[in-house]
Amino acid sequence: MDSPALRDDNRKKKDSSTDTEDLEMTEVEVSMLRSINNKLELLVELHKQMKEMQVSLNFAYEKIDWLESENKSLKATVDLLTKKTDTLAKENKKTNETILDILSWSMHDNLIFSGIPEHPSSDDPEALLKDFMISKLKLPPDTADSIIFHHVHRLSSPKSKKPRPIIAKLEHYKHKDLIKSKARELKGSNFGINDKFPKEINDRRKILYPIMKQHRQNNKRAYMVVDKLYVDGQLYRSLSTTPWLF
């Protein structure tokens, strides 16, 4: 049986051990609490960041909605402007064609005679035309004399060895038809008779002429009326060669 002193000493050792264990438990608990606190602080920070991100996302969504609305508005404006541009282009084309028709009609009674020699000292284009119609077109003198011109003059052109063409405006369209019907007499010569048209019409006729020639070689009836080509009675149309008809 232990002595009282020994029992007291053992009790003190036991209490000391218990205190040590309690202290260790306290440190563990403190450590866990710190860890939990750190995690809570991290969660709080994450929550704060998530709220900020949500605000940013909401702003971004609002911006996207606004941009989509603006885009629709701009697209509608562009579509409207495109339609207006197309309308203006069509109206401009129509106006241009109307002007060409007016210009062509104003030249309706005009003919251009090419190859008639010039006389620098006393060049009288009208007298030369009268003589040309009798000698080259084989018109009777009285018929040639009956043809009345409004005005006759030579066209100005760059210096060339060839005679400058003569342009004549006739009083009566029937006289123009008569002169053109006699143009076959000039076949194989250096003389020529052509209608007078605005430059743009002439450019179109230059495009159509080889096409007309090709159709005629294929034994088709092809002829031009101003800037339109007819083949076997049908209007020739091609987007690549006759865009003015579209």
# chains A, B, ... in the order shown; residues from 1 in each chain; ligands from 1
call {"tool": "select_by_dssp", "arguments": {"residues": "region 68-177 of chain A", "states": "helix (DSSP H, G or I)", "output": "PyMOL selection string"}}
result
chain A and resi 68-106+125-135+141-146+173-177
call {"tool": "select_by_dssp", "arguments": {"residues": "region 30-205 of chain A", "states": "strand (DSSP E or B)", "output": "MDAnalysis selection string"}}
result
chainID A and resid 110:114 149:154 166:170 192:195
call {"tool": "residues_around", "arguments": {"residues": "region 190-196 of chain A", "least_positions_apart": "5", "cutoff": "7 Å", "atoms": "only C-alpha atoms", "output": "JSON, numbers by chain"}}
result
{"A": [107, 110, 111, 112, 113, 114, 115, 116, 183]}
call {"tool": "closest_residue", "arguments": {"among": "A:Lys75, A:Lys39, A:Lys162, A:Thr241", "to": "Glu118 (chain A)", "atoms": "only C-alpha atoms"}}
result
A:Lys162
call {"tool": "atom_distance", "arguments": {"atom1": "CA of Ile167 (chain A)", "atom2": "CA of Ile147 (chain A)"}}
result
14.7 Å
call {"tool": "residues_around", "arguments": {"residues": "Asn202 (chain A)", "least_positions_apart": "3", "cutoff": "12 Å", "atoms": "only C-alpha atoms", "output": "list in words"}}
result
Leu100, Ser104, Asn194, Asp195, Lys196, Phe197, Pro198, Lys199, Arg205, Lys206, Ile207, Leu208, Tyr209, Met224, Val225, Val226, Asp227 and Lys228 of chain A
call {"tool": "atom_distance", "arguments": {"atom1": "CA of Lys174 (chain A)", "atom2": "CA of Ser146 (chain A)"}}
result
11.7 Å
call {"tool": "closest_residue", "arguments": {"among": "A:Leu67, A:Ile99, A:Ala60, A:Val55", "to": "Ile201 (chain A)", "atoms": "only C-alpha atoms"}}
result
A:Ile99
call {"tool": "atom_distance", "arguments": {"atom1": "CA of Ser240 (chain A)", "atom2": "CA of Lys213 (chain A)"}}
result
18.1 Å
call {"tool": "residues_around", "arguments": {"residues": "Glu171 (chain A)", "least_positions_apart": "2", "cutoff": "8 Å", "atoms": "only C-alpha atoms", "output": "list of chain:residue names"}}
result
A:Asp109, A:Ile147, A:Ile148, A:Phe149, A:His150, A:Lys169, A:Tyr173, A:His175
call {"tool": "residues_around", "arguments": {"residues": "Pro141 (chain A)", "least_positions_apart": "6", "cutoff": "10 Å", "atoms": "only C-alpha atoms", "output": "list of chain:residue names"}}
result
A:Lys130, A:Asp131, A:Met133, A:Ile134, A:Ser135
call {"tool": "closest_residue", "arguments": {"among": "A:Leu235, A:Leu186, A:Asn71, A:Ser31", "to": "Phe132 (chain A)", "atoms": "only C-alpha atoms"}}
result
A:Leu186
